[in-house]
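So this block is structure-v9.txt, compact mmCIF, C-alpha atoms and all ligand atoms:
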```txt
# COMPACT_ATOMS: atom_id res chain seq x y z
CA MET A 1 94.40 -25.74 -35.63
CA SER A 2 98.00 -24.71 -35.92
CA GLU A 3 100.18 -23.26 -33.19
CA ASN A 4 103.08 -23.12 -35.65
CA ILE A 5 103.39 -19.37 -35.91
CA PHE A 6 104.77 -19.47 -39.44
CA GLU A 7 101.56 -21.15 -40.61
CA THR A 8 99.55 -18.70 -38.49
CA ALA A 9 101.23 -15.76 -40.20
CA GLN A 10 100.56 -17.28 -43.63
CA GLN A 11 96.89 -17.79 -42.81
CA GLN A 12 96.48 -14.21 -41.60
CA ILE A 13 97.99 -12.86 -44.82
CA LYS A 14 95.89 -15.24 -46.94
CA ASP A 15 92.65 -14.13 -45.25
CA ALA A 16 93.42 -10.49 -46.00
CA CYS A 17 94.41 -11.21 -49.63
CA ASP A 18 91.16 -13.16 -50.13
CA LYS A 19 89.00 -10.41 -48.63
CA LEU A 20 90.67 -7.85 -50.90
CA LYS A 21 90.43 -10.18 -53.93
CA CYS A 22 94.13 -9.58 -54.67
CA LYS A 23 95.96 -11.09 -57.64
CA PRO A 24 97.24 -14.57 -56.63
CA ALA A 25 100.84 -13.32 -56.98
CA VAL A 26 100.37 -11.02 -53.97
CA TYR A 27 99.96 -13.97 -51.62
CA GLU A 28 102.54 -16.06 -53.48
CA ILE A 29 105.13 -13.35 -52.81
CA LEU A 30 104.06 -12.58 -49.24
CA LYS A 31 103.62 -16.15 -47.99
CA GLN A 32 107.32 -16.55 -47.20
CA PRO A 33 110.35 -14.32 -46.56
CA MET A 34 112.44 -13.23 -49.52
CA ARG A 35 115.65 -14.16 -47.67
CA VAL A 36 116.53 -16.18 -44.57
CA ILE A 37 120.08 -16.24 -43.25
CA GLU A 38 121.17 -19.03 -40.89
CA VAL A 39 124.50 -18.75 -39.12
CA ALA A 40 126.51 -20.79 -36.61
CA ILE A 41 128.30 -18.55 -34.13
CA PRO A 42 131.23 -19.95 -32.12
CA VAL A 43 131.74 -18.25 -28.74
CA LYS A 44 134.65 -18.72 -26.32
CA MET A 45 132.87 -19.22 -23.02
CA ASP A 46 134.14 -18.00 -19.65
CA ASP A 47 135.14 -21.53 -18.66
CA GLY A 48 137.48 -21.80 -21.66
CA SER A 49 135.25 -24.05 -23.76
CA THR A 50 133.86 -23.05 -27.15
CA LYS A 51 130.13 -23.21 -27.69
CA VAL A 52 128.37 -22.83 -31.04
CA PHE A 53 125.04 -20.94 -31.14
CA MET A 54 122.58 -20.89 -34.04
CA GLY A 55 121.45 -17.48 -35.25
CA TYR A 56 118.89 -16.38 -37.84
CA ARG A 57 117.91 -13.26 -39.72
CA SER A 58 114.82 -13.28 -41.88
CA GLN A 59 113.96 -10.53 -44.36
CA HIS A 60 110.37 -10.90 -45.42
CA ASN A 61 109.66 -8.28 -48.05
CA ASP A 62 111.30 -5.01 -49.06
CA ALA A 63 108.70 -3.59 -51.44
CA LEU A 64 108.17 -0.58 -49.16
CA GLY A 65 111.76 -0.11 -47.99
CA PRO A 66 114.66 -1.83 -46.20
CA ALA A 67 113.93 -4.67 -43.79
CA LYS A 68 113.38 -3.61 -40.18
CA GLY A 69 112.88 -5.49 -36.96
CA GLY A 70 114.43 -6.65 -33.73
CA PHE A 71 116.44 -9.70 -32.80
CA ARG A 72 115.98 -11.80 -29.69
CA PHE A 73 117.87 -14.06 -27.35
CA HIS A 74 115.63 -16.97 -26.42
CA PRO A 75 116.03 -20.73 -26.09
CA ALA A 76 113.02 -21.35 -28.35
CA VAL A 77 114.35 -19.37 -31.34
CA THR A 78 114.07 -21.33 -34.61
CA ALA A 79 114.17 -20.48 -38.31
CA ASP A 80 110.38 -20.84 -38.53
CA GLU A 81 109.76 -18.56 -35.58
CA THR A 82 112.09 -15.91 -36.99
CA LYS A 83 110.38 -16.17 -40.39
CA ALA A 84 106.93 -15.61 -38.91
CA LEU A 85 108.13 -12.70 -36.80
CA SER A 86 109.66 -11.06 -39.88
CA MET A 87 106.37 -11.46 -41.75
CA TRP A 88 104.54 -9.70 -38.92
CA MET A 89 107.09 -6.86 -39.02
CA THR A 90 106.28 -6.14 -42.69
CA PHE A 91 102.66 -5.54 -41.74
CA LYS A 92 103.44 -3.72 -38.52
CA GLY A 93 105.57 -1.19 -40.37
CA ALA A 94 103.08 -0.85 -43.22
CA ILE A 95 100.07 -0.06 -41.06
CA VAL A 96 101.85 2.77 -39.27
CA GLY A 97 103.01 4.09 -42.64
CA LEU A 98 106.74 3.42 -42.32
CA PRO A 99 108.99 3.12 -45.39
CA TYR A 100 110.16 -0.34 -44.32
CA GLY A 101 109.82 -4.01 -45.01
CA GLY A 102 109.86 -6.65 -42.31
CA GLY A 103 112.88 -8.27 -40.76
CA LYS A 104 113.55 -10.27 -37.62
CA GLY A 105 116.43 -12.09 -36.04
CA GLY A 106 117.15 -14.41 -33.21
CA ILE A 107 119.82 -16.42 -31.50
CA ALA A 108 118.89 -19.69 -29.82
CA CYS A 109 120.38 -19.31 -26.35
CA ASP A 110 119.39 -18.89 -22.73
CA PRO A 111 120.46 -15.32 -21.95
CA LYS A 112 120.13 -15.96 -18.21
CA GLN A 113 122.97 -18.49 -18.44
CA LEU A 114 125.33 -16.08 -20.25
CA SER A 115 127.74 -13.62 -18.64
CA MET A 116 127.92 -10.05 -20.00
CA ARG A 117 131.17 -10.91 -21.80
CA GLU A 118 129.67 -14.01 -23.39
CA LYS A 119 126.61 -12.02 -24.50
CA GLU A 120 128.86 -9.39 -26.07
CA GLU A 121 130.92 -12.04 -27.91
CA LEU A 122 127.75 -13.70 -29.12
CA THR A 123 126.27 -10.42 -30.35
CA ARG A 124 129.46 -9.40 -32.15
CA GLY A 125 129.81 -12.85 -33.73
CA TYR A 126 126.21 -12.72 -34.93
CA ILE A 127 126.69 -9.27 -36.48
CA ARG A 128 129.94 -10.31 -38.22
CA ALA A 129 128.09 -13.31 -39.68
CA ILE A 130 125.14 -11.32 -41.04
CA ALA A 131 127.05 -8.09 -41.84
CA PRO A 132 126.90 -8.49 -45.65
CA PHE A 133 123.10 -8.51 -45.46
CA ILE A 134 122.40 -5.63 -43.05
CA GLY A 135 123.03 -1.88 -43.10
CA PRO A 136 121.11 1.42 -42.92
CA GLU A 137 119.81 0.91 -46.47
CA LYS A 138 119.35 -2.86 -46.33
CA ASP A 139 118.13 -4.15 -42.99
CA ILE A 140 118.10 -2.41 -39.62
CA PRO A 141 117.96 -4.59 -36.48
CA ALA A 142 116.63 -3.42 -33.10
CA PRO A 143 115.85 -4.80 -29.62
CA ASP A 144 113.39 -7.62 -29.07
CA VAL A 145 112.95 -10.26 -26.35
CA ALA A 146 115.95 -10.12 -23.92
CA THR A 147 118.03 -7.71 -26.03
CA ASN A 148 118.44 -4.09 -24.95
CA ALA A 149 120.21 -0.78 -25.62
CA GLN A 150 123.59 -2.19 -24.50
CA VAL A 151 123.28 -5.04 -27.00
CA MET A 152 122.41 -2.50 -29.73
CA ALA A 153 125.53 -0.48 -28.83
CA TRP A 154 127.62 -3.62 -29.49
CA VAL A 155 125.82 -4.10 -32.82
CA MET A 156 126.57 -0.52 -33.85
CA ASP A 157 130.19 -0.81 -32.75
CA GLU A 158 130.86 -4.14 -34.48
CA PHE A 159 129.22 -3.05 -37.72
CA SER A 160 131.10 0.28 -37.60
CA LYS A 161 134.39 -1.61 -37.29
CA ILE A 162 133.51 -3.50 -40.46
CA THR A 163 132.48 -0.40 -42.44
CA GLY A 164 135.32 1.73 -41.09
CA TYR A 165 133.10 4.60 -39.93
CA ASN A 166 130.36 5.18 -37.35
CA ALA A 167 127.29 3.61 -38.88
CA PHE A 168 124.68 4.78 -36.35
CA GLY A 169 121.83 4.06 -38.77
CA VAL A 170 122.50 0.29 -38.92
CA VAL A 171 120.56 -0.42 -35.74
CA THR A 172 117.93 1.27 -33.56
CA GLY A 173 117.15 1.13 -29.87
CA LYS A 174 120.67 2.35 -29.08
CA PRO A 175 121.66 4.27 -25.93
CA LEU A 176 121.00 8.02 -26.24
CA ILE A 177 124.69 8.92 -26.28
CA LEU A 178 125.27 6.64 -29.28
CA GLY A 179 122.56 7.99 -31.55
CA GLY A 180 119.56 6.61 -29.72
CA SER A 181 116.25 8.46 -29.74
CA GLU A 182 114.43 10.09 -26.90
CA GLY A 183 111.39 8.00 -26.03
CA ARG A 184 112.52 4.76 -27.72
CA GLU A 185 112.61 2.66 -24.59
CA LYS A 186 109.00 3.37 -23.66
CA ALA A 187 107.75 3.53 -27.24
CA THR A 188 106.23 0.04 -27.56
CA ALA A 189 104.33 0.54 -24.31
CA MET A 190 103.30 4.10 -25.19
CA GLY A 191 102.02 3.05 -28.63
CA CYS A 192 99.99 0.27 -27.04
CA CYS A 193 98.50 2.63 -24.44
CA ILE A 194 97.47 5.06 -27.18
CA VAL A 195 95.51 2.39 -29.08
CA ILE A 196 94.00 1.04 -25.84
CA ARG A 197 92.78 4.58 -25.12
CA GLU A 198 91.28 4.84 -28.63
CA ALA A 199 89.60 1.43 -28.39
CA ALA A 200 88.24 2.18 -24.92
CA ALA A 201 86.71 5.40 -26.24
CA LYS A 202 85.00 3.50 -29.09
CA LEU A 203 83.59 0.96 -26.63
CA GLY A 204 82.52 3.58 -24.09
CA ILE A 205 84.96 2.35 -21.45
CA ASP A 206 86.39 5.09 -19.25
CA ILE A 207 90.15 4.56 -19.11
CA LYS A 208 90.12 6.18 -15.68
CA GLY A 209 89.41 3.31 -13.34
CA ALA A 210 89.52 0.66 -16.11
CA ARG A 211 90.90 -2.61 -14.71
CA ILE A 212 94.02 -3.81 -16.51
CA ALA A 213 95.84 -7.17 -16.34
CA ILE A 214 99.29 -7.37 -17.94
CA GLN A 215 101.11 -10.62 -18.73
CA GLY A 216 104.84 -9.93 -19.04
CA PHE A 217 107.01 -7.58 -17.04
CA GLY A 218 109.85 -6.90 -19.46
CA ASN A 219 110.36 -3.65 -21.32
CA ALA A 220 106.82 -3.52 -22.75
CA GLY A 221 104.92 -4.87 -19.72
CA SER A 222 106.60 -2.79 -17.03
CA ASN A 223 106.32 0.46 -18.97
CA LEU A 224 102.72 -0.30 -19.91
CA ALA A 225 101.81 -0.72 -16.26
CA ALA A 226 103.40 2.62 -15.40
CA ILE A 227 101.84 4.56 -18.29
CA LEU A 228 98.34 3.11 -17.81
CA HIS A 229 98.61 3.84 -14.09
CA ASP A 230 99.51 7.45 -14.98
CA MET A 231 96.45 7.58 -17.27
CA GLY A 232 94.28 6.73 -14.24
CA ALA A 233 93.67 3.06 -15.03
CA LYS A 234 93.78 0.45 -12.29
CA ILE A 235 96.53 -2.14 -12.66
CA VAL A 236 94.97 -5.23 -11.09
CA ALA A 237 97.50 -7.84 -12.17
CA ILE A 238 100.99 -8.21 -13.59
CA SER A 239 103.09 -11.30 -14.13
CA ASP A 240 106.25 -12.62 -15.68
CA LEU A 241 106.66 -16.16 -17.01
CA ARG A 242 106.68 -17.75 -13.57
CA GLY A 243 103.82 -15.93 -11.92
CA GLY A 244 102.59 -12.60 -10.74
CA LEU A 245 100.61 -10.37 -8.44
CA TYR A 246 96.87 -9.77 -8.28
CA ASN A 247 95.00 -7.11 -6.35
CA PRO A 248 91.38 -6.51 -7.43
CA ASN A 249 91.61 -2.96 -6.03
CA GLY A 250 94.67 -2.19 -8.13
CA PHE A 251 98.21 -1.42 -7.07
CA ASN A 252 100.94 1.05 -7.85
CA PRO A 253 103.27 -0.50 -10.43
CA TYR A 254 106.01 1.98 -9.55
CA GLU A 255 106.35 0.16 -6.25
CA VAL A 256 107.14 -3.08 -8.03
CA GLU A 257 110.79 -3.10 -8.98
CA LYS A 258 111.74 -3.95 -12.53
CA ARG A 259 112.02 -7.65 -13.20
CA ASP A 260 115.66 -7.94 -14.04
CA GLU A 261 116.71 -5.97 -11.00
CA ALA A 262 114.82 -7.46 -8.10
CA VAL A 263 111.36 -8.72 -8.96
CA GLN A 264 111.08 -12.48 -9.19
CA PHE A 265 107.47 -13.56 -9.37
CA LYS A 266 108.44 -17.10 -8.59
CA ASP A 267 106.24 -18.04 -5.63
CA GLU A 268 103.90 -16.81 -2.90
CA SER A 269 106.73 -14.99 -1.12
CA CYS A 270 106.74 -12.19 -3.70
CA ALA A 271 103.14 -11.24 -2.85
CA ALA A 272 104.05 -10.77 0.81
CA LYS A 273 106.16 -7.75 -0.18
CA TYR A 274 103.11 -5.95 -1.57
CA PRO A 275 100.24 -5.77 0.94
CA GLY A 276 96.82 -6.51 -0.49
CA THR A 277 98.18 -8.57 -3.39
CA GLN A 278 97.97 -12.29 -3.92
CA PHE A 279 100.20 -14.59 -5.96
CA ILE A 280 98.82 -15.87 -9.27
CA THR A 281 100.27 -17.90 -12.10
CA SER A 282 100.84 -16.33 -15.46
CA GLN A 283 97.98 -18.45 -16.87
CA GLU A 284 95.56 -17.47 -14.07
CA LEU A 285 96.19 -13.85 -14.98
CA MET A 286 94.73 -14.39 -18.45
CA THR A 287 91.25 -15.23 -17.18
CA LEU A 288 90.91 -12.63 -14.39
CA ASP A 289 87.93 -10.33 -14.20
CA CYS A 290 89.22 -7.13 -15.89
CA ASP A 291 88.42 -4.65 -18.66
CA VAL A 292 91.67 -4.84 -20.62
CA LEU A 293 93.99 -7.83 -20.90
CA VAL A 294 97.46 -7.09 -22.25
CA PRO A 295 99.57 -10.08 -23.26
CA ALA A 296 103.02 -8.48 -23.31
CA ALA A 297 105.30 -11.53 -23.23
CA ILE A 298 105.66 -14.11 -25.98
CA GLU A 299 103.73 -16.13 -28.57
CA ASN A 300 100.83 -18.57 -28.15
CA GLN A 301 99.49 -17.43 -24.76
CA ILE A 302 95.81 -17.15 -25.72
CA THR A 303 94.78 -20.51 -27.15
CA GLY A 304 91.74 -22.71 -27.73
CA LYS A 305 92.17 -23.85 -24.15
CA ASN A 306 91.91 -20.54 -22.28
CA ALA A 307 90.32 -18.07 -24.74
CA GLY A 308 86.78 -19.07 -23.73
CA SER A 309 87.47 -18.08 -20.11
CA ILE A 310 88.85 -14.63 -20.90
CA LYS A 311 86.63 -11.97 -19.32
CA ALA A 312 88.34 -8.82 -20.63
CA ARG A 313 86.44 -6.64 -23.13
CA ILE A 314 89.65 -5.56 -24.86
CA VAL A 315 92.69 -7.73 -25.57
CA ALA A 316 95.63 -5.50 -26.48
CA GLU A 317 98.49 -7.55 -27.94
CA ALA A 318 101.70 -5.83 -26.90
CA ALA A 319 103.58 -9.08 -27.60
CA ASN A 320 104.10 -10.51 -31.06
CA GLY A 321 101.73 -13.37 -31.85
CA PRO A 322 100.26 -13.98 -28.36
CA THR A 323 96.99 -15.39 -29.76
CA THR A 324 96.67 -18.64 -31.73
CA PRO A 325 94.14 -18.77 -34.60
CA GLU A 326 91.87 -20.96 -32.48
CA GLY A 327 92.10 -18.56 -29.54
CA ASN A 328 91.44 -15.67 -31.92
CA ASP A 329 88.22 -17.21 -33.26
CA ILE A 330 86.91 -17.82 -29.75
CA LEU A 331 87.64 -14.24 -28.67
CA ILE A 332 85.89 -12.87 -31.76
CA ASN A 333 82.85 -15.12 -31.21
CA ASN A 334 82.68 -13.87 -27.64
CA GLY A 335 82.69 -10.25 -28.79
CA VAL A 336 86.11 -9.37 -27.38
CA PHE A 337 87.63 -6.33 -29.07
CA ILE A 338 91.13 -7.34 -30.20
CA LEU A 339 93.88 -4.82 -30.76
CA PRO A 340 96.09 -7.06 -32.91
CA ASP A 341 99.85 -7.24 -32.34
CA ILE A 342 100.74 -5.61 -35.65
CA LEU A 343 98.85 -2.52 -34.47
CA ALA A 344 99.17 -2.64 -30.67
CA SER A 345 102.92 -3.28 -30.65
CA ALA A 346 103.83 -0.90 -33.49
CA GLY A 347 104.99 1.94 -31.21
CA GLY A 348 108.49 0.47 -30.85
CA VAL A 349 109.27 0.23 -34.54
CA THR A 350 107.68 3.64 -35.09
CA VAL A 351 110.14 5.34 -32.75
CA SER A 352 112.88 3.12 -34.21
CA TYR A 353 112.02 4.72 -37.53
CA PHE A 354 112.30 8.18 -35.91
CA GLU A 355 115.69 7.14 -34.49
CA TRP A 356 116.90 6.03 -37.93
CA VAL A 357 115.68 9.28 -39.53
CA GLN A 358 117.56 11.26 -36.85
CA ASN A 359 120.70 9.16 -37.47
CA LEU A 360 120.54 9.75 -41.22
CA GLN A 361 120.14 13.49 -40.67
CA ASN A 362 122.49 13.73 -37.68
CA TYR A 363 119.89 16.00 -36.14
CA TYR A 364 118.15 15.03 -32.91
CA TRP A 365 114.63 15.70 -31.71
CA THR A 366 113.24 16.44 -28.26
CA ARG A 367 111.17 13.89 -26.34
CA GLU A 368 108.08 16.05 -26.95
CA GLU A 369 108.64 16.00 -30.72
CA VAL A 370 109.05 12.21 -30.68
CA MET A 371 105.95 11.67 -28.54
CA GLU A 372 103.83 14.01 -30.60
CA ARG A 373 104.77 12.19 -33.80
CA LEU A 374 104.20 8.78 -32.18
CA GLU A 375 100.76 9.88 -31.00
CA ARG A 376 99.84 10.99 -34.53
CA LYS A 377 101.09 7.78 -36.17
CA MET A 378 99.30 5.50 -33.70
CA VAL A 379 95.99 7.38 -33.78
CA THR A 380 96.01 7.40 -37.60
CA ALA A 381 96.87 3.69 -37.73
CA PHE A 382 94.06 2.87 -35.29
CA LYS A 383 91.56 4.90 -37.35
CA ASN A 384 92.65 3.30 -40.63
CA VAL A 385 92.30 -0.21 -39.23
CA TYR A 386 89.03 0.57 -37.45
CA ASN A 387 87.53 2.12 -40.59
CA ILE A 388 88.44 -0.92 -42.72
CA SER A 389 86.96 -3.21 -40.07
CA GLN A 390 83.69 -1.25 -40.25
CA GLU A 391 83.68 -0.93 -44.03
CA TYR A 392 84.26 -4.65 -44.67
CA GLY A 393 82.57 -5.94 -41.52
CA VAL A 394 85.71 -7.78 -40.40
CA ASP A 395 87.53 -8.06 -37.08
CA MET A 396 90.39 -5.71 -36.24
CA ARG A 397 93.10 -8.29 -36.99
CA THR A 398 91.85 -9.05 -40.48
CA ALA A 399 91.38 -5.31 -41.02
CA ALA A 400 94.97 -4.61 -39.94
CA TYR A 401 96.31 -7.15 -42.44
CA MET A 402 94.06 -5.67 -45.12
CA VAL A 403 95.56 -2.21 -44.56
CA GLY A 404 99.03 -3.73 -44.97
CA VAL A 405 98.21 -5.94 -47.94
CA LYS A 406 96.62 -3.00 -49.80
CA LEU A 407 99.80 -0.94 -49.48
CA LEU A 408 102.12 -3.82 -50.33
CA ALA A 409 100.05 -4.87 -53.34
CA GLU A 410 100.10 -1.31 -54.65
CA ALA A 411 103.88 -0.98 -54.18
CA MET A 412 104.60 -4.38 -55.73
CA GLU A 413 102.31 -3.64 -58.68
CA LEU A 414 104.05 -0.30 -59.34
CA ARG A 415 107.46 -1.92 -59.03
CA GLY A 416 106.46 -4.45 -61.67
CA TRP A 417 106.56 -7.51 -59.40
CA LEU A 418 102.99 -8.63 -60.09
N1 LIG B 1 111.21 -5.78 -31.66
C1 LIG B 1 110.25 -4.72 -31.79
C2 LIG B 1 109.03 -5.24 -32.53
O1 LIG B 1 108.77 -6.43 -32.58
C3 LIG B 1 110.85 -3.46 -32.39
C4 LIG B 1 111.41 -3.58 -33.76
C5 LIG B 1 112.13 -2.34 -34.24
O2 LIG B 1 112.19 -1.36 -33.50
O3 LIG B 1 112.65 -2.37 -35.36
O4 LIG B 1 108.23 -4.49 -33.02
```

Could you render the structure as structure tokens?
Ligand code: GLU
Amino acid sequence: MSENIFETAQQQIKDACDKLKCKPAVYEILKQPMRVIEVAIPVKMDDGSTKVFMGYRSQHNDALGPAKGGFRFHPAVTADETKALSMWMTFKGAIVGLPYGGGKGGIACDPKQLSMREKEELTRGYIRAIAPFIGPEKDIPAPDVATNAQVMAWVMDEFSKITGYNAFGVVTGKPLILGGSEGREKATAMGCCIVIREAAAKLGIDIKGARIAIQGFGNAGSNLAAILHDMGAKIVAISDLRGGLYNPNGFNPYEVEKRDEAVQFKDESCAAKYPGTQFITSQELMTLDCDVLVPAAIENQITGKNAGSIKARIVAEAANGPTTPEGNDILINNGVFILPDILASAGGVTVSYFEWVQNLQNYYWTREEVMERLERKMVTAFKNVYNISQEYGVDMRTAAYMVGVKLLAEAMELRGWL
């Protein structure tokens, strides 16, 4: 079966359309993005040479509103990957009830090899190249893998230079001082923790003392560890791409410095710093004895090869597309409760939406207001997906797509597209 995530995304949408017996035009429209922009971005490097980077922005569907979604810096970025990620964003936004379509972007580069100045040049060049196609009413980028609030500040600044005024609403995930929202940085993790809590309650698992393994220690993974620890869960393992730490008795994630600052899970030596922990590889983490497994890194981590050995009762997909279709089928056959990416990782775009609303109104909310609204959105989304899964007797992933397809089909019908 396919590990091409574009084909995976198509299959997921097709399954939901079939279950809902939609008009064929629904799938015909949704099976690909409505627009894909490919740009070549020349950057003057620190050594005086000029290097050209390929960048993409995919806008999947705008039936419900302007395109919305992050952009990433990663060596594996391709047009196909960006297309699939934009398709997932359409559904992610729809199931939490946002007035958005899906968008996604990426630049093929290795951010670890770039200086701050080179990253800034690259970001500004990318925004200049896609500027005619983005904007607060058209398409609103945000952070994704290896892009952060500083990068979003450059996006806002570059776009504002083009428009001639401060266009805060063109991008979300900005620093607070530049129109960012309270709570945005932790939002993906917080949203995921809320749906883990809801799923645990349905399965009769007490979150206090529940054993959690988290793959990925970036923005989502590190904040997830901290929040779940605060909720009383036991963090038994964390890892980044190279490896990680395991302690069956749990450890305090606050003691583990954030990856980009000091933590390098590269070999046994990192475990020595944390008594009681042992070094594990990122793949070993997936099959540990635990209650909740959270893939919070990148695509295709749970596959036909390792899914059968997963012992967790809940898999909460904080990353986009961490499970291949083959891996998915095995988990379902084994009775694992999956919180699919388009639900479990929707907290980030939800608070991005709050940020955009605040930018459009020039009126800013408190952290409590943001968190309260996030809680409501995530709990409602979980209930809607869970209820569809019960009503149709389908797994949570299919149910999540069904919630999205229903809304999109209704909007497209009313707009006269079908
Ligand atoms: N990159 C995040 C995601 O995949 C956030 C997108 C956004 O805030 O627009 O959901």

Using all atoms listed in the file, find each residue of chain A with at least one atom at most 7 Å away from an atom of ligand LIG 1 (chain B); report its shortest atom-to-atom pair and that distance in Å (one decimal), sort the rows by chain and rising residue number, and return the result as a Markdown table.
```
| residue | atom | partner | partner_atom | distance |
| --- | --- | --- | --- | --- |
| A:Lys68 | CA | B:LIG1 | O3 | 5.0 |
| A:Gly69 | CA | B:LIG1 | O3 | 3.5 |
| A:Gly70 | CA | B:LIG1 | N1 | 3.9 |
| A:Phe71 | CA | B:LIG1 | N1 | 6.6 |
| A:Met89 | CA | B:LIG1 | O4 | 6.6 |
| A:Ile140 | CA | B:LIG1 | O3 | 6.9 |
| A:Pro141 | CA | B:LIG1 | O3 | 5.9 |
| A:Ala142 | CA | B:LIG1 | O3 | 4.7 |
| A:Pro143 | CA | B:LIG1 | N1 | 5.2 |
| A:Asp144 | CA | B:LIG1 | N1 | 3.9 |
| A:Thr172 | CA | B:LIG1 | O2 | 6.3 |
| A:Gly173 | CA | B:LIG1 | O2 | 6.6 |
| A:Asn320 | CA | B:LIG1 | O1 | 6.4 |
| A:Ser345 | CA | B:LIG1 | O4 | 5.9 |
| A:Ala346 | CA | B:LIG1 | O4 | 5.7 |
| A:Gly348 | CA | B:LIG1 | C3 | 4.8 |
| A:Val349 | CA | B:LIG1 | O2 | 3.5 |
| A:Thr350 | CA | B:LIG1 | O2 | 6.9 |
| A:Ser352 | CA | B:LIG1 | O2 | 4.6 |
```

Let me see the file: selected residues, C-alpha atoms, as a PDB file, in the frame of the given file.
```pdb
ATOM      1  CA  LYS A  68     113.380  -3.610 -40.180  1.00  0.00           C
ATOM      2  CA  GLY A  69     112.880  -5.490 -36.960  1.00  0.00           C
ATOM      3  CA  GLY A  70     114.430  -6.650 -33.730  1.00  0.00           C
ATOM      4  CA  PHE A  71     116.440  -9.700 -32.800  1.00  0.00           C
ATOM      5  CA  MET A  89     107.090  -6.860 -39.020  1.00  0.00           C
ATOM      6  CA  ILE A 140     118.100  -2.410 -39.620  1.00  0.00           C
ATOM      7  CA  PRO A 141     117.960  -4.590 -36.480  1.00  0.00           C
ATOM      8  CA  ALA A 142     116.630  -3.420 -33.100  1.00  0.00           C
ATOM      9  CA  PRO A 143     115.850  -4.800 -29.620  1.00  0.00           C
ATOM     10  CA  ASP A 144     113.390  -7.620 -29.070  1.00  0.00           C
ATOM     11  CA  THR A 172     117.930   1.270 -33.560  1.00  0.00           C
ATOM     12  CA  GLY A 173     117.150   1.130 -29.870  1.00  0.00           C
ATOM     13  CA  ASN A 320     104.100 -10.510 -31.060  1.00  0.00           C
ATOM     14  CA  SER A 345     102.920  -3.280 -30.650  1.00  0.00           C
ATOM     15  CA  ALA A 346     103.830  -0.900 -33.490  1.00  0.00           C
ATOM     16  CA  GLY A 348     108.490   0.470 -30.850  1.00  0.00           C
ATOM     17  CA  VAL A 349     109.270   0.230 -34.540  1.00  0.00           C
ATOM     18  CA  THR A 350     107.680   3.640 -35.090  1.00  0.00           C
ATOM     19  CA  SER A 352     112.880   3.120 -34.210  1.00  0.00           C
TER      20      SER A 352
END
```

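With distances taken over all atoms listed in the file, A:Val52 is the one residue among A:Val52, A:Ala187, A:Leu408, A:Leu114 lying closest to Tyr126 in chain A.
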
**OP:** Excluding Ser58 in chain A and residues on its chain fewer than 5 positions from it, collect all residues at most 12 Å away from it, counting all atoms listed in the file, and give them as JSON, numbers by chain.
**Re:** {"A": [32, 33, 34, 35, 36, 37, 38, 39, 67, 68, 69, 70, 71, 78, 79, 80, 81, 82, 83, 84, 85, 86, 87, 88, 89, 90, 101, 102, 103, 104, 105, 106, 107, 130, 133, 134, 139, 140, 141]}

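Counting from CA of Arg211 in chain A, the distance to CA of Lys92 in chain A is 26.9 Å.
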
Expected residue set, 7 Å radius at (91.3, -19.5, -18.3), all atoms listed in the file, as a PDB file with C-alpha atoms, keeping the file's coordinate frame:
```
ATOM      1  CA  GLN A 283      97.980 -18.450 -16.870  1.00  0.00           C
ATOM      2  CA  GLU A 284      95.560 -17.470 -14.070  1.00  0.00           C
ATOM      3  CA  MET A 286      94.730 -14.390 -18.450  1.00  0.00           C
ATOM      4  CA  THR A 287      91.250 -15.230 -17.180  1.00  0.00           C
ATOM      5  CA  ASN A 306      91.910 -20.540 -22.280  1.00  0.00           C
ATOM      6  CA  ALA A 307      90.320 -18.070 -24.740  1.00  0.00           C
ATOM      7  CA  SER A 309      87.470 -18.080 -20.110  1.00  0.00           C
ATOM      8  CA  ILE A 310      88.850 -14.630 -20.900  1.00  0.00           C
TER       9      ILE A 310
END
```

**OP:** Between A:Pro253, A:Pro132, A:Gly321, A:Gly179, single out the one closest to Ile298 in chain A, counting all atoms listed in the file.
**Re:** A:Gly321

**OP:** Take CA of Gln113 in chain A and CA of Ala213 in chain A and report the distance between them in Å, one decimal.
**Re:** 29.5 Å

Could N, CA and C atoms be built for range 326-332 of chain A and written out as a CSV table (one decimal), in the coordinates of the input?
```csv
chain,number,residue,atom,x,y,z
A,326,GLU,N,93.0,-20.4,-33.2
A,326,GLU,CA,91.9,-21.0,-32.5
A,326,GLU,C,91.4,-20.0,-31.4
A,327,GLY,N,92.4,-19.5,-30.6
A,327,GLY,CA,92.1,-18.6,-29.5
A,327,GLY,C,91.5,-17.3,-30.1
A,328,ASN,N,92.0,-16.9,-31.3
A,328,ASN,CA,91.4,-15.7,-31.9
A,328,ASN,C,90.0,-15.8,-32.3
A,329,ASP,N,89.6,-17.0,-32.9
A,329,ASP,CA,88.2,-17.2,-33.3
A,329,ASP,C,87.3,-17.2,-32.0
A,330,ILE,N,87.7,-17.8,-31.0
A,330,ILE,CA,86.9,-17.8,-29.8
A,330,ILE,C,86.7,-16.4,-29.2
A,331,LEU,N,87.8,-15.6,-29.2
A,331,LEU,CA,87.6,-14.2,-28.7
A,331,LEU,C,86.6,-13.5,-29.5
A,332,ILE,N,86.8,-13.6,-30.9
A,332,ILE,CA,85.9,-12.9,-31.8
A,332,ILE,C,84.4,-13.3,-31.5
```
